[in-house]
Amino acid sequence: MANSVLAPIRSALTKHPSPEDAASVVHGTPVGALVTAFNAIAFAANSYQDGNAVFLAFWLPAVLVLCLTMTRKSRKAARHRVSRVSPRAARILARTSALLALPWAALVVYVFAAHGPGEPMIVMLVCVGMLSGGAFMLHRAFVAALCYMLTILVPVIFSLHFGGWDQAWSVTAFAAAYGVFLAYFAFTAGETARQRDDSVAALSDAVARLKRAHDENFLLANVDDVTGLVNRKAFNDRLREAVDRQKAGGCSFSLLLMDLDRFKNVNDLFGHGVGDELLAEVSRRLRANLSEGDLIGRLGGDEFCILLPGATDEAAIQSIAGRLLRVLHGPARLTGGVVYPGASFGAAICPDDAADPVDLLLRADLALNHAKETGRGQCVTFNDQLRQQLIASDEIEAGLRIALREDRLSIAYQPKISLRDGQAVGAEALVRWKTAGGENIPPDRFLSIAAERGVLPDLSRHIAEMIAGHILTWRRAALSPGKIALNIHPDDLKSPELLMSTIAMFEAQGIDGNDLLLEITEGCFIGRGTDMAAMVLDSLADRGYELSLDDFGTGHASLSHLKKIPVSEVKIDRSFVAGLAVRRDDRAIVAAIAEITKGMGIRSVAEGVEHDTQRAILTEMGIDLGQGHLWSRPITAEQYASFLGKDGVKRRA
């Protein structure tokens, strides 16, 4: 029981003051010294007539010097930030507190013990007030508060008994009770203050963590982690704000869209880690060569966008772009070696070219594509020629949307023939669009526009649904059409969820890898946003869908694709087949492709076979399949059904 009672007292007496405790005492000391000096002067003025002149002549100056010294030291200490309170500092704090109380102890001894002149009641009241003030001032340092109070209380009790006062014992009892009360007050007030400090510290820590989390979330949502530039979302937001300011009467500005040339080669040769190094180096060069007010963003892959508030005409744009092209074409020393990046720019001016963020980006992108198509390493500004091209594209887009709504698209099938026995083994599905005015729009023209304008997802789904309907019709007629080749546009692989949704649509109708062959081109692996293509195609191959690589031999990296992609078939481009009978180089290329495919166990298909001489040469070389006008032009689904029946293809049981 005794231990449980004494434990809090022992804890309080041994508690080491914290830096906050010491700071509280230091900041409170000037106030305590001022109150002490004021009370001393008031007491001296009131007691001067009682014959205390000699005592007061020594006592009052001593008190004032002590208060002045304590004030100066406390102010000096307040200028230093304290991280911890040493035991020595704690002892000095306790001694200083006792020293501040010493004048009142001396006054008590003089009046009560020595019976010096003075009104005892006034002395007692002053001492009681100083005790209360000291306990309040020193409540954050419990030991110092005890030293202050005991320095006054002990002389009071001693002086009353030594001086033979009749009230000695009653005052002793009061002093003891009052001292216990003040000690309890100092202890509880100090604990409350420390708990408040802990709560404030915990709250401050929580606020700091929330701020850090907010900053981290902001970085994740708005900053590209590879380059440190703003990402697509943040750049689009800032672009929208710039357009709004311009509409409200602000100055015009320019938008630069930039692509690195041959960036995919860096990823393929050195890996994505080195590719990220190159992107970071490019971002550093851009920041170092643009003004502080210019905004740079990474939109994704190797595509950057720059907002130029100070560039309002083509001359200014070309000047800035020229400077950037020079610094970007310099060698970059990366982990994998030295790389020469290179870049192409497309530019548009707001509001001259467009006054809407989406339209502005579209025009800059159109200019960038033109820059890449006409030689790379240059900056093309949106111009009248591109504007006319844009108008034509707008018309194509509008007509294509109408064609989708009114079901004016159709599918033609070009049979694929086995060169060994002349039997049809399948067909390639080709989309056709004939306008209401009777004009046939080439697929290459409207498919690229559909991809640019966001129409491709709906178009691809519509094509797939028509093909699914034809396959089911042939099944009901007990025909075996072979595998139908479905062309996959490069942009279909940029939205794999939509492509997989289309595959799920086929499979829901019982159409799978036994009925479909997926035809891809090299464009599925190069250009912006194609980083995930290989993974998507691997997934489709795992589900049983064969892949056919179209236009083989025309791209610069077709052979590397045969190593990375699970291709089951390659199609030899018609440009090589056309000159088989007359050009030795074409024949050598086709022969080499035949050897490669045989060695890899891959089927080979020759496109554009128009003459029997070509067929004979291809057969001699060991090409597996042919496709071309020699057997059939692209025909309708009904005509293909007749073609299957005419060729005597086995019907389903």
# chains A, B, ... in the order shown; residues from 1 in each chain; ligands from 1
>>> residues_around(residues="A:Val327", least_positions_apart="6", cutoff="9 Å", atoms="only C-alpha atoms", output="list in words")
Arg285, Leu286 and Asn289 of chain A
>>> residues_around(residues="A:Arg238", least_positions_apart="3", cutoff="12 Å", atoms="only C-alpha atoms", output="list in words")
Asn222, Val230, Asn231, Arg232, Lys233, Ala234, Phe235, Glu241, Ala242, Val243, Asp244, Arg245, Leu255, Asp294, Leu295, Ile296, Gly297, Cys305, Ile306, Leu307, Leu308, Pro309 and Pro357 of chain A
>>> closest_atom_pairs(of="stretch 222-254 of chain A", to="stretch 347-355 of chain A", cutoff="6 Å", atoms="only C-alpha atoms", output="JSON lines")
{"residue": "A:Ser252", "atom": "CA", "partner": "A:Cys350", "partner_atom": "CA", "distance": 5.5}
{"residue": "A:Phe253", "atom": "CA", "partner": "A:Cys350", "partner_atom": "CA", "distance": 5.5}
{"residue": "A:Ser254", "atom": "CA", "partner": "A:Ile349", "partner_atom": "CA", "distance": 4.4}
>>> residues_around(residues="A:Asp612", least_positions_apart="4", cutoff="9 Å", atoms="only C-alpha atoms", output="list of chain:residue names")
A:Ala616, A:Ile617, A:Leu630
>>> write_last_selection(atoms="all heavy atoms", output="PDB file, in the first residue's frame")
ATOM      1  N   ALA A 616       3.437 -21.573-109.907  1.00  0.00           N
ATOM      2  CA  ALA A 616       4.374 -22.677-110.119  1.00  0.00           C
ATOM      3  C   ALA A 616       5.695 -22.421-109.393  1.00  0.00           C
ATOM      4  O   ALA A 616       6.267 -23.324-108.768  1.00  0.00           O
ATOM      5  CB  ALA A 616       4.601 -22.873-111.611  1.00  0.00           C
ATOM      6  N   ILE A 617       6.188 -21.190-109.473  1.00  0.00           N
ATOM      7  CA  ILE A 617       7.456 -20.859-108.794  1.00  0.00           C
ATOM      8  C   ILE A 617       7.299 -20.977-107.281  1.00  0.00           C
ATOM      9  O   ILE A 617       8.172 -21.527-106.592  1.00  0.00           O
ATOM     10  CB  ILE A 617       7.910 -19.441-109.193  1.00  0.00           C
ATOM     11  CG1 ILE A 617       8.231 -19.386-110.688  1.00  0.00           C
ATOM     12  CG2 ILE A 617       9.118 -19.017-108.375  1.00  0.00           C
ATOM     13  CD1 ILE A 617       8.514 -17.976-111.205  1.00  0.00           C
ATOM     14  N   LEU A 630      -5.610 -14.970-109.025  1.00  0.00           N
ATOM     15  CA  LEU A 630      -5.540 -16.214-109.789  1.00  0.00           C
ATOM     16  C   LEU A 630      -6.690 -17.142-109.420  1.00  0.00           C
ATOM     17  O   LEU A 630      -7.227 -17.848-110.277  1.00  0.00           O
ATOM     18  CB  LEU A 630      -4.196 -16.902-109.528  1.00  0.00           C
ATOM     19  CG  LEU A 630      -3.983 -18.272-110.190  1.00  0.00           C
ATOM     20  CD1 LEU A 630      -4.012 -18.146-111.719  1.00  0.00           C
ATOM     21  CD2 LEU A 630      -2.678 -18.906-109.723  1.00  0.00           C
TER      22      LEU A 630
END
>>> residues_around(residues="stretch 416-426 of chain A", least_positions_apart="5", cutoff="12 Å", atoms="only C-alpha atoms", output="PyMOL selection string")
chain A and resi 471+479-486+514-517+571+603-609+612+614-634+640-641+643-650
>>> atom_distance(atom1="atom CA of A:Pro120", atom2="atom CA of A:Leu107")
10.3 Å
>>> atom_distance(atom1="atom CA of A:Ser495", atom2="atom CA of A:Glu452")
13.5 Å
>>> select_by_dssp(residues="stretch 112-225 of chain A", states="helix (DSSP H, G or I)", output="number ranges by chain")
A: 112-113, 120-137, 142-162, 168-222
>>> atom_distance(atom1="atom CA of A:Asp444", atom2="atom CA of A:Gln639")
23.9 Å
>>> residues_around(residues="stretch 171-181 of chain A", least_positions_apart="6", cutoff="8 Å", atoms="only C-alpha atoms", output="PyMOL selection string")
chain A and resi 149+153+157
>>> residues_around(residues="stretch 560-569 of chain A", least_positions_apart="2", cutoff="8 Å", atoms="only C-alpha atoms", output="PyMOL selection string")
chain A and resi 534+537-538+541+546-549+557-558+571+602-605
>>> write_last_selection(atoms="C-alpha atoms", output="PDB file, in the first residue's frame")
ATOM      1  CA  ALA A 534       3.513  -8.873 -77.126  1.00  0.00           C
ATOM      2  CA  LEU A 537      -0.725 -11.644 -78.333  1.00  0.00           C
ATOM      3  CA  ASP A 538       0.873 -14.260 -76.068  1.00  0.00           C
ATOM      4  CA  ALA A 541      -2.039 -17.638 -78.523  1.00  0.00           C
ATOM      5  CA  GLU A 546      -3.127 -18.706 -84.372  1.00  0.00           C
ATOM      6  CA  LEU A 547      -1.323 -15.490 -85.332  1.00  0.00           C
ATOM      7  CA  SER A 548      -0.514 -14.515 -88.915  1.00  0.00           C
ATOM      8  CA  LEU A 549       2.139 -11.842 -89.577  1.00  0.00           C
ATOM      9  CA  ALA A 557      12.286  -5.732 -87.604  1.00  0.00           C
ATOM     10  CA  SER A 558      10.116  -8.566 -88.951  1.00  0.00           C
ATOM     11  CA  LYS A 571       2.317 -13.633 -95.368  1.00  0.00           C
ATOM     12  CA  ILE A 602       5.733 -21.751 -89.703  1.00  0.00           C
ATOM     13  CA  ARG A 603       3.237 -21.705 -92.602  1.00  0.00           C
ATOM     14  CA  SER A 604       3.974 -19.357 -95.476  1.00  0.00           C
ATOM     15  CA  VAL A 605       1.322 -17.526 -97.518  1.00  0.00           C
TER      16      VAL A 605
END
>>> residues_around(residues="A:Met532", least_positions_apart="6", cutoff="10 Å", atoms="only C-alpha atoms", output="list in words")
Leu493, Lys494, Ser495, Pro496, Cys524 and Phe525 of chain A
>>> write_last_selection(atoms="N, CA, C and O atoms", output="CSV table (one decimal), in the first residue's frame")
chain,number,residue,atom,x,y,z
A,493,LEU,N,-4.7,-3.3,-80.2
A,493,LEU,CA,-3.8,-3.8,-79.2
A,493,LEU,C,-3.5,-2.8,-78.1
A,493,LEU,O,-3.0,-3.1,-77.0
A,494,LYS,N,-3.8,-1.5,-78.4
A,494,LYS,CA,-3.6,-0.5,-77.4
A,494,LYS,C,-4.7,-0.5,-76.4
A,494,LYS,O,-4.6,0.1,-75.3
A,495,SER,N,-5.9,-1.1,-76.7
A,495,SER,CA,-7.0,-1.2,-75.8
A,495,SER,C,-7.3,-2.7,-75.7
A,495,SER,O,-8.3,-3.2,-76.2
A,496,PRO,N,-6.4,-3.5,-75.0
A,496,PRO,CA,-6.6,-4.9,-75.0
A,496,PRO,C,-7.9,-5.4,-74.4
A,496,PRO,O,-8.5,-6.4,-74.7
A,524,CYS,N,1.7,-3.3,-85.3
A,524,CYS,CA,1.3,-3.6,-83.9
A,524,CYS,C,2.4,-3.6,-82.9
A,524,CYS,O,2.1,-3.6,-81.7
A,525,PHE,N,3.6,-3.5,-83.4
A,525,PHE,CA,4.8,-3.5,-82.5
A,525,PHE,C,5.6,-2.3,-82.4
A,525,PHE,O,6.5,-2.1,-81.6
>>> closest_residue(among="A:Met121, A:Ile396, A:Ala637, A:Val200", to="A:Tyr413", atoms="only C-alpha atoms")
A:Ala637
